[in-house]
Amino acid sequence: NAPPETRRFEAEVAQVLHLVTHSLYSHKEIFLRELVSNASDACDKLRFEAIAHPELMADDGELHIDVSWDKDARTVTVRDNGIGMSRDEIVANIGSIASSGTRRFLEAMSGEQKADARLIGQFGVGFYSAFVVADRVTVFSRRAGAPAGEGVKWESDGKGEYTLESAELAERGTTVMLHLKPDEDTFLEGWHLRSLINRYSDHVAFPIRMPKEAADEDDKAAPRNEWETVNAASALWTKPKAEISDEDYQGFYKSLGHDFNDALAWSHNRVEGSQSFTTLLYLPSRPPFDLMMGGRDERKGLKLYIKRVFVMDAAEELLPNYLRFVRGVVDADDLPLNVSRELLQQNRQLDRIKGACVKRVLDLIEKLARDEPDKFATFYKAFGNTLKEGAAEDANNRERIARLLRFASTNGEGAAQTVSLDDYIGRMAVGQDTIWYVTADSHAAAAGSPQLEAFKAKDIEVLLMSDRIDEWMLGSLREYGGKTLQHVAKGELPLDAADKQKQDEATQAAKPLLQKLKDLLGDRVADVRVSARLTDSPSCLALADYDMAPHFARLLREAGQ
Ligand code: ADP
Ligand code: MG
């Protein structure tokens, strides 16, 4: 038995604590959601470990989460009989910053971006939200499988230090007791706690129980020893669609994605056959802040269940990177329960499930584009640039993804990205077989490019691209609908016979001038030509077919390439 000790939080934990307690003041109540979600994770982990080690369940096989309160002691307690933590695990999990996500969160939050309550749950800083309402938090925990004498008591006022001591605990699992701050009495009301559970945690798959309250006012002081389940406590995705309301779907989304906002849309499907599985996939309405920062290692959005047992967060195994904004659940019937991440990556069945997920998500986005333009616009604003990565990376779905993209255009409304490639093709003149675009650092630069003059004069539409990802995407997206995509600075302009004649004459007339310019510019240019590209400007730089667009070449130079 290790002796009692006092330790300091890692410096970063202290920072996280500070940020969390100061940014959550308007959403205090989410501490309950976060603690219940941890309790539920702990039950998930035990259920999974118990497959290989059934003895861990001992004689306490019914996993549940209990929420109780004590008016006199001014405490709220969340208890689970899940996996529990050893002394070392407590130190590692709640005394230090374990996840890289938390670290990034911290960097982002302490930078210019203001701490945003909406983001906090996504970054695994959930436990610390307890200190928003409590001035002291006590945790009792005993790891499943460990003897009663190996319990641990952890306690902290969230100010920089915590204490640890051994404790004799009769039951496995974790108890988190909050000693409420003086003005947080509202959380000492049973009805209030219950309404929060209904709002935020109804779809936790384990029973959340609360002490049964006496109907009679006089009995309120009587000891509470009867419990009742207060949540739906079922795996939502296993129910028939007809029995699930939109509210149920939204509620489940919020607890799954730790999001305060509604999901934009979802797709719920059951595949039966040689391989059976269920998918419930959501499109969020707002991007998490690190989406464009890569967001690769913080991909917690998609949970893999096997026969209703949570196995792991498997977004990376189940969805391509360009769909990393999707949240949801995949429940497979036929995967081996002892599957490891390594095995999963080589699993053939998983390829099929992954293919099905991609198809479902693209179907869902297509449906929005077709039937719900407002929602599609919201989606595109949030995730359009992420989707463009797919047009480059996913050769199998390139055409489908390209159809979903929207661009600004010389025929469009300013900088708004609303023109689809199909719109463009629909407006093409007879005989035009090229989709013209220009790329630049900003919309203004694209729209003001001198390269556009000849196109304007001939009334040929040009797509105006100015997102960082565009040039890279266009490296792979070279044709669509049988038409070639081409930069306005490249290739031959579409000239009619009269134009050709005029250009030939001009070339003839300018011959001495061209020679002079070539001599002057020497190696710095490949050629000097008379062009039909310009109507107002006297000259411009043009590109050979395989040259990089100028601003892209500049980006590469800036990146030191
Ligand atoms: P996250 O849940 O995103 O990992 P939290 O701050 O909510 O981040 O919790 C930190 C860690 O503490 C968890 O990952 C888990 O390892 C541990 N933990 C918290 N609560 C419990 C619990 N009730 N039972 C077991 N472990 C827990
Ligand atoms: Mg948590």
# chains A, B, ... in the order shown; residues from 1 in each chain; ligands from 1
$ select_by_dssp --residues "segment 344-490 of chain A" --states "strand (DSSP E)" --output "number ranges by chain"
A: 408-409, 434-439, 463-465, 479-480, 483-487
$ write_last_selection --atoms "C-alpha atoms" --output "mmCIF file, in the first residue's frame"
data_model
loop_
_atom_site.group_PDB
_atom_site.id
_atom_site.type_symbol
_atom_site.label_atom_id
_atom_site.label_comp_id
_atom_site.auth_asym_id
_atom_site.auth_seq_id
_atom_site.Cartn_x
_atom_site.Cartn_y
_atom_site.Cartn_z
ATOM 1 C CA ALA A 408 -17.436 31.176 -57.551
ATOM 2 C CA SER A 409 -17.675 32.075 -61.209
ATOM 3 C CA THR A 434 -13.259 22.946 -71.832
ATOM 4 C CA ILE A 435 -14.253 24.027 -68.318
ATOM 5 C CA TRP A 436 -12.154 27.149 -67.763
ATOM 6 C CA TYR A 437 -10.944 28.259 -64.376
ATOM 7 C CA VAL A 438 -8.484 30.685 -62.861
ATOM 8 C CA THR A 439 -6.712 30.213 -59.531
ATOM 9 C CA LEU A 463 -14.661 29.468 -62.520
ATOM 10 C CA LEU A 464 -12.866 31.618 -59.964
ATOM 11 C CA MET A 465 -10.880 29.549 -57.486
ATOM 12 C CA GLU A 479 -11.887 16.303 -66.293
ATOM 13 C CA TYR A 480 -15.527 16.135 -65.433
ATOM 14 C CA LYS A 483 -15.003 17.997 -70.401
ATOM 15 C CA THR A 484 -11.449 19.010 -69.655
ATOM 16 C CA LEU A 485 -10.757 21.396 -66.808
ATOM 17 C CA GLN A 486 -8.218 23.970 -67.851
ATOM 18 C CA HIS A 487 -6.527 27.007 -66.338
#
$ residues_near_ligand --ligand "ligand 2" --cutoff "6 Å" --atoms "only C-alpha atoms and all ligand atoms" --output "NGL selection string"
:A and (34 or 37-38 or 124 or 126-127)
$ residues_near_ligand --ligand "ligand 1" --cutoff "8 Å" --atoms "only C-alpha atoms and all ligand atoms" --output "MDAnalysis selection string"
chainID A and resid 34:43 79:80 82:85 89:90 93:94 98:99 121:128 141 173:176
$ select_by_dssp --residues "segment 359-463 of chain A" --states "helix (DSSP H, G or I)" --output "VMD selection string"
chain A and resid 359 to 371 373 to 393 395 to 404 421 to 427 443 to 447 450 to 457
$ atom_distance --atom1 "atom CA of Glu165 of chain A" --atom2 "atom CA of Lys71 of chain A"
26.5 Å
$ residues_around --residues "segment 258-273 of chain A" --least-positions-apart "3" --cutoff "9 Å" --atoms "only C-alpha atoms" --output "PyMOL selection string"
chain A and resi 33-34+118-122+237-238+241+249-251+253-255+276-286+328+360-361+363-365+368+375-376+378-379
$ residues_around --residues "segment 466-477 of chain A" --least-positions-apart "3" --cutoff "6 Å" --atoms "only C-alpha atoms" --output "PDB file with N, CA and C atoms, in the first residue's frame"
ATOM      1  N   ALA A 392      -9.503  14.932 -54.910  1.00  0.00           N
ATOM      2  CA  ALA A 392      -8.112  14.630 -55.266  1.00  0.00           C
ATOM      3  C   ALA A 392      -7.746  13.199 -54.853  1.00  0.00           C
ATOM      4  N   THR A 439      -7.000  30.333 -60.960  1.00  0.00           N
ATOM      5  CA  THR A 439      -6.712  30.213 -59.531  1.00  0.00           C
ATOM      6  C   THR A 439      -5.891  31.412 -59.086  1.00  0.00           C
ATOM      7  N   ALA A 440      -6.125  31.817 -57.842  1.00  0.00           N
ATOM      8  CA  ALA A 440      -5.366  32.945 -57.284  1.00  0.00           C
ATOM      9  C   ALA A 440      -5.434  32.876 -55.768  1.00  0.00           C
ATOM     10  N   ASP A 441      -4.697  33.774 -55.116  1.00  0.00           N
ATOM     11  CA  ASP A 441      -4.648  33.789 -53.649  1.00  0.00           C
ATOM     12  C   ASP A 441      -5.945  34.233 -53.004  1.00  0.00           C
ATOM     13  N   SER A 442      -6.677  35.070 -53.712  1.00  0.00           N
ATOM     14  CA  SER A 442      -7.914  35.582 -53.125  1.00  0.00           C
ATOM     15  C   SER A 442      -8.958  35.669 -54.228  1.00  0.00           C
ATOM     16  N   HIS A 443     -10.210  35.773 -53.792  1.00  0.00           N
ATOM     17  CA  HIS A 443     -11.264  35.891 -54.791  1.00  0.00           C
ATOM     18  C   HIS A 443     -11.064  37.152 -55.633  1.00  0.00           C
TER      19      HIS A 443
END
$ atom_distance --atom1 "atom CA of Glu228 of chain A" --atom2 "atom CA of Asn198 of chain A"
13.6 Å
$ atom_distance --atom1 "atom CA of Gly384 of chain A" --atom2 "atom CA of Glu399 of chain A"
15.2 Å
$ residues_around --residues "Ile208 of chain A" --least-positions-apart "4" --cutoff "7 Å" --atoms "only C-alpha atoms" --output "list in words"
His64, Ile65, Asp66, Thr229, Val230 and Asn231 of chain A
$ write_last_selection --atoms "N, CA and C atoms" --output "short mmCIF file (atom, residue, chain, number, x, y, z; two decimals), in the first residue's frame"
data_model
loop_
_atom_site.label_atom_id
_atom_site.label_comp_id
_atom_site.auth_asym_id
_atom_site.auth_seq_id
_atom_site.Cartn_x
_atom_site.Cartn_y
_atom_site.Cartn_z
N HIS A 64 -24.11 -0.15 -14.66
CA HIS A 64 -25.03 0.98 -14.54
C HIS A 64 -24.31 2.19 -13.98
N ILE A 65 -25.00 3.32 -14.07
CA ILE A 65 -24.45 4.60 -13.61
C ILE A 65 -25.45 5.20 -12.63
N ASP A 66 -24.98 5.57 -11.46
CA ASP A 66 -25.89 6.12 -10.46
C ASP A 66 -25.58 7.60 -10.20
N THR A 229 -34.42 3.81 -13.03
CA THR A 229 -33.70 4.20 -14.24
C THR A 229 -34.37 5.42 -14.86
N VAL A 230 -33.58 6.43 -15.19
CA VAL A 230 -34.19 7.67 -15.67
C VAL A 230 -33.86 7.99 -17.14
N ASN A 231 -33.12 7.12 -17.81
CA ASN A 231 -32.83 7.40 -19.23
C ASN A 231 -33.39 6.28 -20.11
#
$ residues_around --residues "segment 225-227 of chain A" --least-positions-apart "2" --cutoff "6 Å" --atoms "only C-alpha atoms" --output "list in words"
Arg209, Met210, Pro211 and Lys212 of chain A
$ write_last_selection --atoms "N, CA and C atoms" --output "short mmCIF file (atom, residue, chain, number, x, y, z; two decimals), in the first residue's frame"
data_model
loop_
_atom_site.label_atom_id
_atom_site.label_comp_id
_atom_site.auth_asym_id
_atom_site.auth_seq_id
_atom_site.Cartn_x
_atom_site.Cartn_y
_atom_site.Cartn_z
N ARG A 209 -29.28 5.62 -13.14
CA ARG A 209 -30.28 5.48 -12.09
C ARG A 209 -30.21 6.65 -11.12
N MET A 210 -31.38 7.00 -10.58
CA MET A 210 -31.42 8.03 -9.53
C MET A 210 -32.26 7.50 -8.39
N PRO A 211 -32.04 8.01 -7.20
CA PRO A 211 -32.86 7.56 -6.07
C PRO A 211 -34.32 7.90 -6.34
N LYS A 212 -35.15 6.96 -6.04
CA LYS A 212 -36.58 7.18 -6.23
C LYS A 212 -37.02 8.25 -5.24
#
$ residues_around --residues "Glu366 of chain A" --least-positions-apart "4" --cutoff "9 Å" --atoms "only C-alpha atoms" --output "JSON, numbers by chain"
{"A": [361, 362, 370, 371, 376, 400, 403, 404]}
$ write_last_selection --atoms "N, CA and C atoms" --output "CSV table (one decimal), in the first residue's frame"
chain,number,residue,atom,x,y,z
A,361,VAL,N,-22.6,8.3,-46.9
A,361,VAL,CA,-22.3,9.8,-46.6
A,361,VAL,C,-22.5,10.6,-47.9
A,362,LEU,N,-22.0,10.0,-49.0
A,362,LEU,CA,-22.1,10.8,-50.3
A,362,LEU,C,-23.6,10.8,-50.7
A,370,ARG,N,-29.8,18.1,-53.5
A,370,ARG,CA,-31.0,18.0,-54.3
A,370,ARG,C,-32.2,18.6,-53.7
A,371,ASP,N,-32.4,18.2,-52.4
A,371,ASP,CA,-33.7,18.6,-51.8
A,371,ASP,C,-33.7,19.7,-50.8
A,376,PHE,N,-27.8,22.3,-47.5
A,376,PHE,CA,-26.6,22.0,-48.3
A,376,PHE,C,-25.6,23.2,-48.2
A,400,ARG,N,-18.4,11.7,-58.5
A,400,ARG,CA,-19.5,11.9,-57.6
A,400,ARG,C,-19.2,13.1,-56.7
A,403,ARG,N,-19.2,16.4,-58.5
A,403,ARG,CA,-20.6,16.9,-58.8
A,403,ARG,C,-21.1,17.7,-57.6
A,404,LEU,N,-20.6,17.5,-56.4
A,404,LEU,CA,-21.0,18.2,-55.2
A,404,LEU,C,-20.3,19.5,-55.0
